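What follows is a short report on a single structure.
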Amino acid sequence: MKHADLFIKTEHAALIKQLAEWDAAYHADAAPLVDDATYDAAKARARALESEYVGLPTVALAKVGAAVSKDFKTFRHSIPMISIQDVFSEASVADWLRRIRNDEIWVEPKIDGLSFSARYEDGVLVRALTRGDGTTGEDITENIKTIADIPQVLNSPCALRLAPSVLEIRGEVYLSRADFLALNTRAEQSGGKVFANPRNAAAGSLRQLDSSVTASRNLRAFAYTYGEASDRDWKTQSEFFDRLESWGFHTTRKWCRMCHSIEEIQAFHKHIENIRSEIPFDIDGMVCKVNDIAVQEKLGSTAQSPRWKVAYKFPAARAITHIKSITIQVGRTGVLTPVAELEPINIGGVVVQRATLHNADEIERKNFRVGDKVVVQRAGDVIPQVVESLEHSAHSEPYNFPTACPVCGGTVAQDSGKVARRCINTLSCPAMIASELVHFASRKGFDIEGLGEKQIEKFVELGWLKTPADIWTLILARGETIRRMEGFGDRSVANLDAAIKLRSTIDLHRLLFAIGIPEVGDATAKILAREFGSIENLRAADAPRLVKLDGIGEIMANEITKFFADEHTKRALDELLTHLTIINPPPLAPHALRFANKKIVLTGTLSKYTREQAAEILENLGAKVQGSVSAKTDILIAGADAGSKLATAEKLGVTVWDEEEFEKQLTTVKSKNKYSRERSELK
């Protein structure tokens, strides 16, 4: 093995720190920060470094779960609850099979829930614990007793044999997708907490201080292994499932299989992945176990995981489900986007119920139909999309794209040379009006608190909002009526009125983003604001002038000039401006030119700014703030606990500023006082 240099040590330390943060969020807070694929990739990279270089610590990766909560009593597990090694390919499973030298493998689903351990003495439940940190768990006995799938007494008349005098049964508490959706629907209606996925919901429900809350959540449980067992008489994993069922536990036997080769394991793994959407609860892979208990004990465990089993994970970014129906969304520019309404499926830690089909041509080319079994993809923050159809239903027919707008009934047209079909009723289509106003009031636009998508859609439906200017007359004209509407009241109306008045003063770049100029996003809006200095100057600019700007091509330039030349836009913008005070960006001071067009990356924690605040300051000084370090990066600003980005920058020879140097550079800019004032307002 090679010795780790500073670059490798820095990268490994950053990975360990990041994994610890993700573990705490997942296990302790039931609120994962990243999807399974991102977590698994980081963990695999850390382990790969450890296997290649000497001198790297491994203890952090041996931890299981997270620190237990102070709100619960805690007990030590009589036998630690260690994690299962994850594998992601057929080759990795084949390597594992060669190491264990065993050809009878029990393959069962890996439930995406919360682990529990239930201790029975003389067949009676005496204590139940969470996994906790693997060594110590939280006492959830009263909550476990509310779950019907976990018996409180084992030795029923139908038991195959009496349970051992001391027996710890381990398994997973979960929430079915149907119960999860029902729980979130009730939460939305009552203003309660909405969970991201069934696993979060199950964890949050099980770790309640009030067991009556747990009892109301319809939790389920599967049992699949054991910890301490005083006088065990089963010899195989499959025989243990027989015992579990006779004692009253639920198992996943319906989705299990005995396999005798890598080919059989791979075929079964693929089969379960294909029918994953038909299984009523979430799974994220298949657990492969040596069936013979004696062989399990002989193989033993490492500090991190048992040698006799591995978790063969599914790809997290894709899943297979069915199209229940196809609906049409009408966007703010009138484009009709077909959307597949899906049987809910967990993809990368998020339950997906809808996914884009892109456009009419895509539906025809890939022959998507209602009832199809389809592959759905979600990677990172990308909107879920249907990738391909695997199988048509018996009575499906080709989808007919609408020729009239499904919202307003207006004519649908297709521009020459473009695939998009759009409603041409631009002035009165409620869907377009609502979408434009949602964009206008969004976080990067006017950021009007209390005026979200649901409120805007309701006010548009009632005919109270047609243009952005109507927002500033809404409370005056309709305040008394709104107070009497469901979900509102004196306080909420007063807060909305104050939020609207607060946004009567707005930065130019926010205004330019909010008014929805085609092709102009947040970054381009800042470029235009800096270059032209006022809305009047931009409205007067022609396409040749715009094309001279870095990052603005001919198509965008034409769209901008066309937008400001439109008579409807002119009237709406003139009316809006009567309600606003616009903060125009000051000209760049000579000293600020050191930032102009510089590609800058932020990493670590700054003491005086959030990352977003620092980025805004830099962008207002003409810099281009980017997310990752490359050879083209000009400057890396590194705060406390900077990780792999700092190591990469040093390796590539990128200029690095610490926070002190960053502050020093800012003090030379004459407009510093303006940005300090903005920073205070942001805080």
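Chain labels follow the order of the structure tokens: the first chain is A, the next B, and so on; residue numbering restarts at 1 in every chain, and ligands are counted from 1 in their shown order.
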*Using backbone DSSP assignments, extract all strand (DSSP E or B) residues from range 307-382 of chain A; output them as an MDAnalysis selection string.*
chainID A and resid 309:313 318:330 335:347 350:356 373:377
_Using only C-alpha atoms, which protein or nucleic acid residues come within 8 Å of Pro164 in chain A? Drop anything in the same chain fewer than 2 positions from it, and give the result as a ChimeraX atom specification._
/A:121-123,162,166-167,229-232
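Take the candidates A:Asn359, A:Asn143, A:Ser607, A:Ser301 and check each one against Leu209 in chain A using only C-alpha atoms; the shortest distance goes to A:Asn143.
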*Go through A:Thr135, A:Val124, A:Gly639, A:Lys548 one by one, measure the shortest atom-to-atom distance of each to Gln152 in chain A using only C-alpha atoms, and give the residue with the smallest value.*
A:Val124
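Interatomic distance, CA of Ala196 in chain A to CA of Ile320 in chain A: 19.3 Å.
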_Contacts of Arg161 in chain A at 10 Å (only C-alpha atoms; same-chain gap of 5+ positions) as a list in words_ =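 The contact residues come out as Leu154, Asn155, Ser156, Asp233, Arg243, Ser246 and Trp247 of chain A.
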Let me see the file: selected residues, N, CA, C and O atoms, as a short mmCIF file (atom, residue, chain, number, x, y, z; two decimals), in the first residue's frame.
```cif
data_model
loop_
_atom_site.label_atom_id
_atom_site.label_comp_id
_atom_site.auth_asym_id
_atom_site.auth_seq_id
_atom_site.Cartn_x
_atom_site.Cartn_y
_atom_site.Cartn_z
N LEU A 154 -44.91 -14.26 22.53
CA LEU A 154 -44.52 -15.12 21.41
C LEU A 154 -45.12 -16.51 21.46
O LEU A 154 -45.39 -17.10 20.41
N ASN A 155 -45.29 -17.06 22.61
CA ASN A 155 -45.64 -18.47 22.69
C ASN A 155 -47.14 -18.70 22.56
O ASN A 155 -47.83 -19.08 23.51
N SER A 156 -47.64 -18.46 21.34
CA SER A 156 -49.05 -18.71 21.05
C SER A 156 -49.26 -20.19 20.74
O SER A 156 -48.30 -20.92 20.49
N ASP A 233 -32.49 -23.14 18.27
CA ASP A 233 -32.58 -24.48 17.69
C ASP A 233 -32.82 -24.47 16.19
O ASP A 233 -33.05 -25.51 15.59
N ARG A 243 -39.83 -19.90 12.14
CA ARG A 243 -40.02 -19.61 13.56
C ARG A 243 -40.70 -18.24 13.74
O ARG A 243 -41.64 -18.09 14.52
N SER A 246 -44.35 -18.33 13.00
CA SER A 246 -45.14 -19.08 13.99
C SER A 246 -45.28 -18.29 15.29
O SER A 246 -46.23 -18.48 16.05
N TRP A 247 -44.31 -17.40 15.58
CA TRP A 247 -44.39 -16.58 16.79
C TRP A 247 -45.27 -15.34 16.58
O TRP A 247 -45.51 -14.59 17.52
#
```
Do you have, as JSON lines, the list of residues of range 298-337 of chain A lying at most 12 Å from range 392-398 of chain A, each with its nearest atom pair and that distance in Å to one decimal, counting only C-alpha atoms and ordered by chain then number?
```
{"residue": "A:His322", "atom": "CA", "partner": "A:Ser393", "partner_atom": "CA", "distance": 9.5}
{"residue": "A:Ile323", "atom": "CA", "partner": "A:Ser393", "partner_atom": "CA", "distance": 9.9}
{"residue": "A:Lys324", "atom": "CA", "partner": "A:Ser393", "partner_atom": "CA", "distance": 10.8}
{"residue": "A:Ser325", "atom": "CA", "partner": "A:Ser396", "partner_atom": "CA", "distance": 11.1}
{"residue": "A:Ile326", "atom": "CA", "partner": "A:Pro398", "partner_atom": "CA", "distance": 11.4}
```
*Any idea what's packed within 9 Å of Cys429 in chain A, counting only C-alpha atoms, ignoring anything in its chain fewer than 5 positions away? Could you give it as a ChimeraX atom specification?*
/A:334,405,407-410,423-424,434
Only N, CA, C and O atoms, please: the residues just picked out, written as a PDB file, in the first residue's frame.
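What ended up in again_18.pdb:
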```
ATOM      1  N   GLY A 334     -46.835  29.631 -21.918  1.00  0.00           N
ATOM      2  CA  GLY A 334     -47.890  28.968 -22.675  1.00  0.00           C
ATOM      3  C   GLY A 334     -47.540  27.586 -23.169  1.00  0.00           C
ATOM      4  O   GLY A 334     -48.384  26.910 -23.772  1.00  0.00           O
ATOM      5  N   CYS A 405     -56.059  24.328 -25.387  1.00  0.00           N
ATOM      6  CA  CYS A 405     -55.482  24.459 -24.056  1.00  0.00           C
ATOM      7  C   CYS A 405     -56.424  23.828 -23.034  1.00  0.00           C
ATOM      8  O   CYS A 405     -57.609  24.174 -22.986  1.00  0.00           O
ATOM      9  N   VAL A 407     -56.690  24.332 -20.017  1.00  0.00           N
ATOM     10  CA  VAL A 407     -57.070  25.261 -18.952  1.00  0.00           C
ATOM     11  C   VAL A 407     -58.089  26.286 -19.438  1.00  0.00           C
ATOM     12  O   VAL A 407     -59.135  26.487 -18.822  1.00  0.00           O
ATOM     13  N   CYS A 408     -57.776  26.951 -20.565  1.00  0.00           N
ATOM     14  CA  CYS A 408     -58.645  28.043 -21.028  1.00  0.00           C
ATOM     15  C   CYS A 408     -59.391  27.713 -22.319  1.00  0.00           C
ATOM     16  O   CYS A 408     -60.270  28.479 -22.735  1.00  0.00           O
ATOM     17  N   GLY A 409     -59.045  26.603 -22.967  1.00  0.00           N
ATOM     18  CA  GLY A 409     -59.693  26.250 -24.222  1.00  0.00           C
ATOM     19  C   GLY A 409     -59.129  26.969 -25.427  1.00  0.00           C
ATOM     20  O   GLY A 409     -59.636  26.819 -26.548  1.00  0.00           O
ATOM     21  N   GLY A 410     -58.078  27.766 -25.213  1.00  0.00           N
ATOM     22  CA  GLY A 410     -57.485  28.524 -26.313  1.00  0.00           C
ATOM     23  C   GLY A 410     -56.786  27.631 -27.323  1.00  0.00           C
ATOM     24  O   GLY A 410     -56.488  26.456 -27.064  1.00  0.00           O
ATOM     25  N   CYS A 423     -50.137  27.369 -25.828  1.00  0.00           N
ATOM     26  CA  CYS A 423     -51.411  28.083 -25.863  1.00  0.00           C
ATOM     27  C   CYS A 423     -51.114  29.515 -26.299  1.00  0.00           C
ATOM     28  O   CYS A 423     -50.216  30.167 -25.745  1.00  0.00           O
ATOM     29  N   ILE A 424     -51.860  30.014 -27.291  1.00  0.00           N
ATOM     30  CA  ILE A 424     -51.594  31.372 -27.787  1.00  0.00           C
ATOM     31  C   ILE A 424     -52.479  32.414 -27.118  1.00  0.00           C
ATOM     32  O   ILE A 424     -52.406  33.600 -27.438  1.00  0.00           O
ATOM     33  N   ALA A 434     -51.086  32.597 -13.744  1.00  0.00           N
ATOM     34  CA  ALA A 434     -50.666  32.086 -12.441  1.00  0.00           C
ATOM     35  C   ALA A 434     -49.179  31.726 -12.448  1.00  0.00           C
ATOM     36  O   ALA A 434     -48.447  32.053 -11.503  1.00  0.00           O
TER      37      ALA A 434
END
```
